[in-house]
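What follows is the content of upload.cif, which has mmCIF, C-alpha atoms:
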data_input
loop_
_atom_site.label_atom_id
_atom_site.label_comp_id
_atom_site.auth_asym_id
_atom_site.auth_seq_id
_atom_site.Cartn_x
_atom_site.Cartn_y
_atom_site.Cartn_z
CA MET A 1297 54.47 12.89 93.81
CA LEU A 1298 56.91 13.05 90.94
CA SER A 1299 59.78 13.88 93.28
CA ALA A 1300 59.68 10.23 94.42
CA LEU A 1301 61.00 9.38 90.99
CA ASP A 1302 64.06 11.59 91.44
CA GLY A 1303 67.30 9.62 91.41
CA LEU A 1304 65.68 6.43 90.16
CA SER A 1305 68.58 5.62 87.87
CA GLN A 1306 71.00 6.07 90.79
CA SER A 1307 69.42 3.43 93.01
CA LEU A 1308 70.31 -0.25 93.01
CA ASP A 1309 66.78 -1.18 94.07
CA ALA A 1310 65.25 0.12 90.85
CA TYR A 1311 67.52 -2.04 88.68
CA LEU A 1312 66.98 -5.13 90.85
CA VAL A 1313 63.18 -4.76 90.90
CA LEU A 1314 63.22 -4.33 87.12
CA SER A 1315 65.30 -7.48 86.78
CA GLY A 1316 62.93 -9.37 89.08
CA VAL A 1317 59.91 -8.33 87.02
CA LEU A 1318 61.64 -9.39 83.79
CA PHE A 1319 62.56 -12.75 85.37
CA ALA A 1320 58.94 -13.30 86.46
CA ILE A 1321 57.66 -12.48 82.94
CA GLY A 1322 60.12 -14.98 81.50
CA GLY A 1323 59.08 -17.61 84.03
CA PHE A 1324 55.42 -17.09 83.16
CA GLY A 1325 56.18 -17.47 79.46
CA PHE A 1326 58.15 -20.65 80.07
CA LEU A 1327 55.33 -22.22 82.11
CA ALA A 1328 52.39 -21.03 80.04
CA ARG A 1329 53.30 -21.10 76.35
CA ARG A 1330 52.60 -24.16 74.21
CA ASN A 1331 55.18 -23.51 71.50
CA ALA A 1332 58.65 -24.90 72.20
CA ILE A 1333 60.38 -21.89 70.60
CA SER A 1334 58.31 -19.51 72.73
CA MET A 1335 59.58 -21.38 75.76
CA LEU A 1336 63.17 -20.94 74.55
CA MET A 1337 62.55 -17.21 74.08
CA SER A 1338 61.24 -17.04 77.65
CA ILE A 1339 64.45 -18.72 78.86
CA GLU A 1340 66.42 -16.02 77.03
CA LEU A 1341 64.35 -13.38 78.84
CA MET A 1342 65.18 -14.97 82.20
CA LEU A 1343 68.91 -15.14 81.36
CA ASN A 1344 68.80 -11.45 80.43
CA ALA A 1345 67.11 -10.62 83.73
CA VAL A 1346 69.93 -12.33 85.61
CA ASN A 1347 72.49 -10.47 83.51
CA LEU A 1348 70.78 -7.16 84.32
CA SER A 1349 70.98 -7.85 88.05
CA ILE A 1350 74.68 -8.81 87.76
CA ILE A 1351 75.43 -5.58 85.90
CA ALA A 1352 73.43 -3.59 88.46
CA PHE A 1353 75.41 -5.06 91.36
CA GLY A 1354 78.61 -4.25 89.50
CA ALA A 1355 77.54 -0.69 88.78
CA PHE A 1356 76.90 0.06 92.45
CA SER A 1357 79.88 -1.65 94.08
CA THR A 1358 83.52 -0.71 93.64
CA SER A 1359 84.85 -4.19 94.43
CA LEU A 1360 82.52 -5.93 91.98
CA ASN A 1361 82.64 -3.36 89.22
CA VAL A 1362 84.92 -5.08 86.68
CA ASP A 1363 84.14 -8.65 87.72
CA ALA A 1364 80.42 -8.13 87.07
CA SER A 1365 81.06 -7.23 83.43
CA VAL A 1366 83.27 -10.30 82.98
CA ILE A 1367 80.64 -12.56 84.54
CA ALA A 1368 77.92 -11.01 82.36
CA LEU A 1369 79.98 -11.65 79.22
CA ILE A 1370 80.52 -15.29 80.23
CA VAL A 1371 76.79 -15.72 80.94
CA MET A 1372 76.09 -14.31 77.46
CA ALA A 1373 78.41 -16.88 75.85
CA ALA A 1374 76.74 -19.67 77.82
CA ALA A 1375 73.32 -18.35 76.70
CA ALA A 1376 74.46 -18.44 73.07
CA ALA A 1377 75.55 -22.06 73.48
CA GLU A 1378 72.26 -22.91 75.15
CA ALA A 1379 70.23 -21.28 72.36
CA THR A 1380 72.18 -23.19 69.69
CA VAL A 1381 71.66 -26.60 71.26
CA GLY A 1382 68.07 -25.88 72.34
CA LEU A 1383 66.96 -24.78 68.88
CA ALA A 1384 68.73 -27.76 67.28
CA ILE A 1385 66.82 -30.08 69.62
CA VAL A 1386 63.51 -28.34 68.79
CA ILE A 1387 64.18 -28.65 65.06
CA ALA A 1388 65.14 -32.33 65.43
CA ILE A 1389 61.93 -33.04 67.35
CA PHE A 1390 59.88 -31.02 64.85
CA ARG A 1391 61.26 -33.16 62.03
CA ASN A 1392 59.96 -36.31 63.73
CA ARG A 1393 56.67 -35.12 65.22
CA LYS A 1394 55.67 -32.38 62.71
CA THR A 1395 54.51 -30.00 65.45
CA PRO A 1396 56.27 -27.39 67.63
CA LEU A 1397 53.67 -27.69 70.42
CA VAL A 1398 55.10 -29.24 73.55
CA ASP A 1399 51.83 -30.67 74.85
CA GLU A 1400 51.64 -32.93 71.82
CA TYR A 1401 55.01 -34.51 72.61
CA ASP A 1402 53.55 -37.48 74.47
CA ALA A 1403 55.76 -40.37 73.29
CA MET A 1404 57.01 -41.03 76.82
CA ARG A 1405 53.47 -41.20 78.22
CA GLN A 1406 52.11 -43.97 76.02
CA MET B 1001 73.26 24.92 73.89
CA THR B 1002 73.34 22.88 77.10
CA LEU B 1003 70.52 21.04 78.76
CA PRO B 1004 69.37 22.08 82.23
CA ASP B 1005 70.32 19.76 85.11
CA THR B 1006 66.81 18.58 85.69
CA ILE B 1007 63.86 18.35 83.35
CA PRO B 1008 61.68 21.48 83.49
CA PHE B 1009 58.22 20.96 85.05
CA LEU B 1010 58.86 17.30 86.05
CA GLY B 1011 61.68 17.79 88.53
CA PHE B 1012 63.84 14.71 87.96
CA GLY B 1013 67.05 14.25 86.02
CA TRP B 1014 67.53 13.20 82.40
CA ASP B 1015 69.09 9.90 83.48
CA ASP B 1016 65.95 9.06 85.42
CA LEU B 1017 63.76 9.85 82.42
CA LEU B 1018 65.95 7.61 80.24
CA PHE B 1019 65.80 4.85 82.84
CA MET B 1020 62.02 5.01 83.06
CA GLY B 1021 61.59 5.07 79.30
CA LEU B 1022 63.94 2.13 78.72
CA ALA B 1023 62.38 0.17 81.59
CA ALA B 1024 58.87 0.74 80.23
CA VAL B 1025 59.92 -0.32 76.71
CA MET B 1026 61.68 -3.40 78.07
CA ILE B 1027 58.80 -4.58 80.26
CA GLY B 1028 56.23 -3.86 77.55
CA ALA B 1029 58.21 -5.74 74.91
CA ALA B 1030 58.77 -8.67 77.31
CA LEU B 1031 55.02 -8.86 77.98
CA LEU B 1032 54.39 -8.87 74.23
CA VAL B 1033 56.92 -11.71 73.84
CA VAL B 1034 55.04 -13.97 76.21
CA THR B 1035 51.48 -13.05 75.23
CA MET B 1036 51.31 -12.44 71.46
CA ARG B 1037 49.70 -15.02 69.22
CA ASP B 1038 51.92 -14.73 66.15
CA ILE B 1039 55.28 -16.20 67.11
CA ILE B 1040 57.24 -14.21 64.49
CA ARG B 1041 56.00 -11.02 66.15
CA CYS B 1042 57.08 -12.47 69.51
CA GLY B 1043 60.58 -12.82 68.07
CA LEU B 1044 60.58 -9.22 66.83
CA ALA B 1045 59.34 -7.97 70.23
CA MET B 1046 62.20 -9.92 71.80
CA ILE B 1047 64.66 -7.90 69.69
CA VAL B 1048 63.09 -4.67 71.03
CA CYS B 1049 63.39 -6.01 74.59
CA PHE B 1050 67.08 -6.82 74.09
CA ALA B 1051 67.75 -3.38 72.59
CA ALA B 1052 66.15 -1.63 75.57
CA LEU B 1053 68.24 -3.84 77.85
CA ALA B 1054 71.39 -2.76 76.02
CA GLY B 1055 70.36 0.84 76.70
CA LEU B 1056 70.00 0.02 80.39
CA TYR B 1057 73.51 -1.49 80.39
CA VAL B 1058 74.87 1.76 78.94
CA LEU B 1059 72.99 3.69 81.62
CA ALA B 1060 74.55 1.44 84.28
CA GLY B 1061 78.01 2.18 82.90
CA ALA B 1062 78.76 -1.23 81.38
CA THR B 1063 79.37 -0.12 77.79
CA VAL B 1064 81.33 -3.19 76.70
CA VAL B 1065 78.56 -5.48 77.88
CA ALA B 1066 76.03 -3.32 76.05
CA ALA B 1067 78.02 -3.69 72.82
CA ALA B 1068 78.25 -7.45 73.37
CA GLN B 1069 74.50 -7.51 74.03
CA VAL B 1070 73.81 -5.87 70.67
CA LEU B 1071 76.24 -8.16 68.84
CA VAL B 1072 75.39 -11.46 70.52
CA TYR B 1073 71.69 -11.15 71.35
CA ILE B 1074 70.31 -8.85 68.65
CA GLY B 1075 72.78 -9.93 65.99
CA ALA B 1076 73.13 -13.66 66.58
CA ILE B 1077 70.62 -15.24 68.95
CA SER B 1078 67.57 -13.34 67.64
CA VAL B 1079 68.41 -14.24 64.05
CA LEU B 1080 68.92 -17.88 65.09
CA ILE B 1081 65.53 -17.90 66.82
CA LEU B 1082 63.79 -16.24 63.87
CA PHE B 1083 65.24 -18.86 61.51
CA ALA B 1084 64.13 -21.64 63.85
CA ILE B 1085 60.61 -20.14 63.92
CA MET B 1086 60.51 -20.11 60.12
CA LEU B 1087 61.71 -23.73 60.00
CA THR B 1088 59.03 -24.94 62.42
CA GLN B 1089 55.99 -23.02 61.12
CA THR B 1090 53.20 -25.40 60.24
CA LYS B 1091 51.01 -24.74 57.22
CA ALA B 1092 47.96 -24.23 59.40
CA GLY B 1093 49.28 -20.85 60.52
CA PRO B 1094 49.26 -19.61 64.12
CA ASN B 1095 47.65 -22.02 66.51
CA ALA B 1096 44.29 -21.31 68.04
CA LEU B 1097 45.51 -21.90 71.59
CA VAL B 1098 48.54 -19.89 72.62
CA PHE B 1099 48.69 -20.99 76.25
CA GLN B 1100 48.68 -24.31 78.05
CA THR B 1101 45.83 -25.24 80.38
CA GLN B 1102 47.89 -24.20 83.43
CA ALA B 1103 48.38 -20.62 82.19
CA LEU B 1104 46.36 -19.03 85.00
CA PRO B 1105 48.28 -20.75 87.84
CA ALA B 1106 51.50 -19.85 86.01
CA ALA B 1107 50.45 -16.18 85.88
CA ILE B 1108 49.64 -16.19 89.58
CA ALA B 1109 52.96 -17.87 90.40
CA ALA B 1110 54.87 -15.35 88.29
CA ALA B 1111 53.10 -12.40 89.94
CA VAL B 1112 53.87 -13.81 93.40
CA LEU B 1113 57.50 -14.34 92.38
CA ALA B 1114 57.82 -10.75 91.15
CA LEU B 1115 56.22 -9.47 94.34
CA LEU B 1116 58.53 -11.57 96.53
CA ILE B 1117 61.64 -10.42 94.66
CA GLY B 1118 60.48 -6.80 94.88
CA ILE B 1119 59.81 -6.98 98.63
CA THR B 1120 63.13 -8.73 99.28
CA VAL B 1121 65.09 -6.22 97.23
CA VAL B 1122 63.50 -3.19 98.86
CA ALA B 1123 63.75 -4.63 102.39
CA THR B 1124 67.43 -5.58 102.09
CA ASP B 1125 70.01 -2.98 103.02
CA TRP B 1126 72.53 -3.39 100.20
CA PRO B 1127 76.10 -2.22 100.82
CA ALA B 1128 75.94 -0.15 97.65
CA THR B 1129 77.56 3.11 96.68
CA GLY B 1130 75.18 5.98 96.08
CA THR B 1131 76.17 6.61 92.48
CA ARG B 1132 76.85 4.46 89.48
CA ILE B 1133 80.43 3.57 88.59
CA ALA B 1134 81.34 3.22 84.92
CA THR B 1135 83.42 0.22 83.87
CA SER B 1136 86.43 1.06 81.72
CA ALA B 1137 87.12 -1.23 78.79
CA THR B 1138 90.84 -1.36 79.63
CA ALA B 1139 90.21 -2.60 83.16
CA LEU B 1140 87.70 -5.13 81.84
CA ALA B 1141 90.16 -6.47 79.25
CA THR B 1142 92.96 -6.71 81.85
CA GLU B 1143 90.70 -8.59 84.23
CA LEU B 1144 89.31 -10.90 81.55
CA PHE B 1145 92.74 -11.93 80.26
CA SER B 1146 94.48 -12.26 83.63
CA ASN B 1147 92.23 -13.46 86.46
CA TYR B 1148 89.47 -14.93 84.31
CA ILE B 1149 91.62 -16.49 81.61
CA LEU B 1150 90.58 -20.03 82.54
CA ALA B 1151 86.87 -19.16 82.33
CA PHE B 1152 87.52 -17.47 78.99
CA GLU B 1153 89.17 -20.57 77.56
CA VAL B 1154 86.52 -22.90 78.97
CA VAL B 1155 83.80 -20.75 77.39
CA SER B 1156 85.53 -20.94 74.00
CA VAL B 1157 85.61 -24.76 74.26
CA LEU B 1158 81.94 -24.70 75.35
CA LEU B 1159 80.97 -22.67 72.28
CA LEU B 1160 82.87 -25.05 70.00
CA ALA B 1161 81.12 -28.03 71.60
CA ALA B 1162 77.73 -26.29 71.26
CA VAL B 1163 78.32 -25.59 67.56
CA ILE B 1164 79.32 -29.21 66.87
CA GLY B 1165 76.42 -30.51 68.95
CA GLY B 1166 73.92 -28.20 67.24
CA VAL B 1167 75.03 -29.27 63.78
CA PHE B 1168 74.94 -32.93 64.79
CA LEU B 1169 71.45 -32.67 66.31
CA ALA B 1170 69.88 -30.69 63.50
CA LYS B 1171 71.52 -32.70 60.72
CA ARG B 1172 69.11 -34.60 58.51
CA GLU B 1173 69.55 -38.35 58.79
CA ARG B 1174 70.67 -39.87 55.48
CA GLY B 1175 69.46 -43.35 54.47
CA GLY B 1176 67.30 -45.58 56.60
CA ASN B 1177 69.84 -46.62 59.21
CA GLU B 1178 67.32 -47.33 61.95
#
Do you think you could lay out the structure here as structure tokens?
Amino acid sequence: MLSALDGLSQSLDAYLVLSGVLFAIGGFGFLARRNAISMLMSIELMLNAVNLSIIAFGAFSTSLNVDASVIALIVMAAAAAEATVGLAIVIAIFRNRKTPLVDEYDAMRQ
Amino acid sequence: MTLPDTIPFLGFGWDDLLFMGLAAVMIGAALLVVTMRDIIRCGLAMIVCFAALAGLYVLAGATVVAAAQVLVYIGAISVLILFAIMLTQTKAGPNALVFQTQALPAAIAAAVLALLIGITVVATDWPATGTRIATSATALATELFSNYILAFEVVSVLLLAAVIGGVFLAKRERGGNE
């Protein structure tokens, strides 16, 4: 039974399945959490899942090897920019509404 | 003293053991991030998740990206998020309800998504090499500053714009100008 686990780190499938599971966890957190900062953390998890799949494709393909690392670095910079602006928006909303819970932001509904 | 090629008694290589350990830590920490009640602990679990991911990058041969992961995610983004958590904590403490009302459909949708991705990945015949290829830092630097120089410059402008925008958005309004 354990021999099925042999060579797991040498297979592209293992990395991609792992990245898919991480993406699904992040998607669940984004849909289910009430706190705006928890939702931002879930977005970071999803971005990291995408980065893991990019790196995995690069690690198992000679033509993509270097490009994958470059793309992953650029995605990381974009994620940093996204986190900065997202958290600034959350803090600005918190200052007005005094709550970080997204289901109490109902100004557009009234 | 040198290690044997495969682990005694278990029968798979050390790389595979590392991969399984890092994957388990990463998935466990990610589950803690989305399910724990205390949001500060969610932030700390996120740091663990990012650290395990950096280990996976090293295992996949992308050492420069792993270093950037530690610097950017663990060093910068996590600290930013922890500060934002501390700025938005209400006096009432952690909230009674962690999840929205649609948490159960969201869980089902996420499980279906993971299953679909898994089936698709396993069923597809990827044109992949059998072994991992390490990325050399020299080749990465050459590529980044020759073919990808435009993307590099655009990203630097994007970061500048994000910093200015973040400061502008989070700045406290002075005087009643509304």
Two-atom distance - CA of Ser1315 in chain A, CA of Ala1345 in chain A (Å):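 According to the coordinates, CA of Ser1315 in chain A and CA of Ala1345 in chain A are separated by 4.7 Å.
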Within 12 Å of file point (49.7, -24.1, 77.9), counting only C-alpha atoms, expressed as number ranges by chain: A: 1324-1332, 1334-1335, 1397-1400; B: 1034-1035, 1095-1107
message: Assuming the chain letters and numbering stay as they are in my file, what does the PyMOL selection byres ((chain A) within 6 of (chain B)) actually select? List them as a PyMOL selection string.
response: chain A and resi 1302+1304-1306+1313+1316-1317+1320+1324-1325+1327-1330+1355-1357+1362+1377+1380-1381+1384+1388
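Our summary of the geometry notes that CA of Asn1347 in chain A is positioned 14.8 Å from CA of Ala1310 in chain A.
The two atoms in question, CA of Leu1318 in chain A and CA of Ile1385 in chain A, are spaced 25.6 Å apart.
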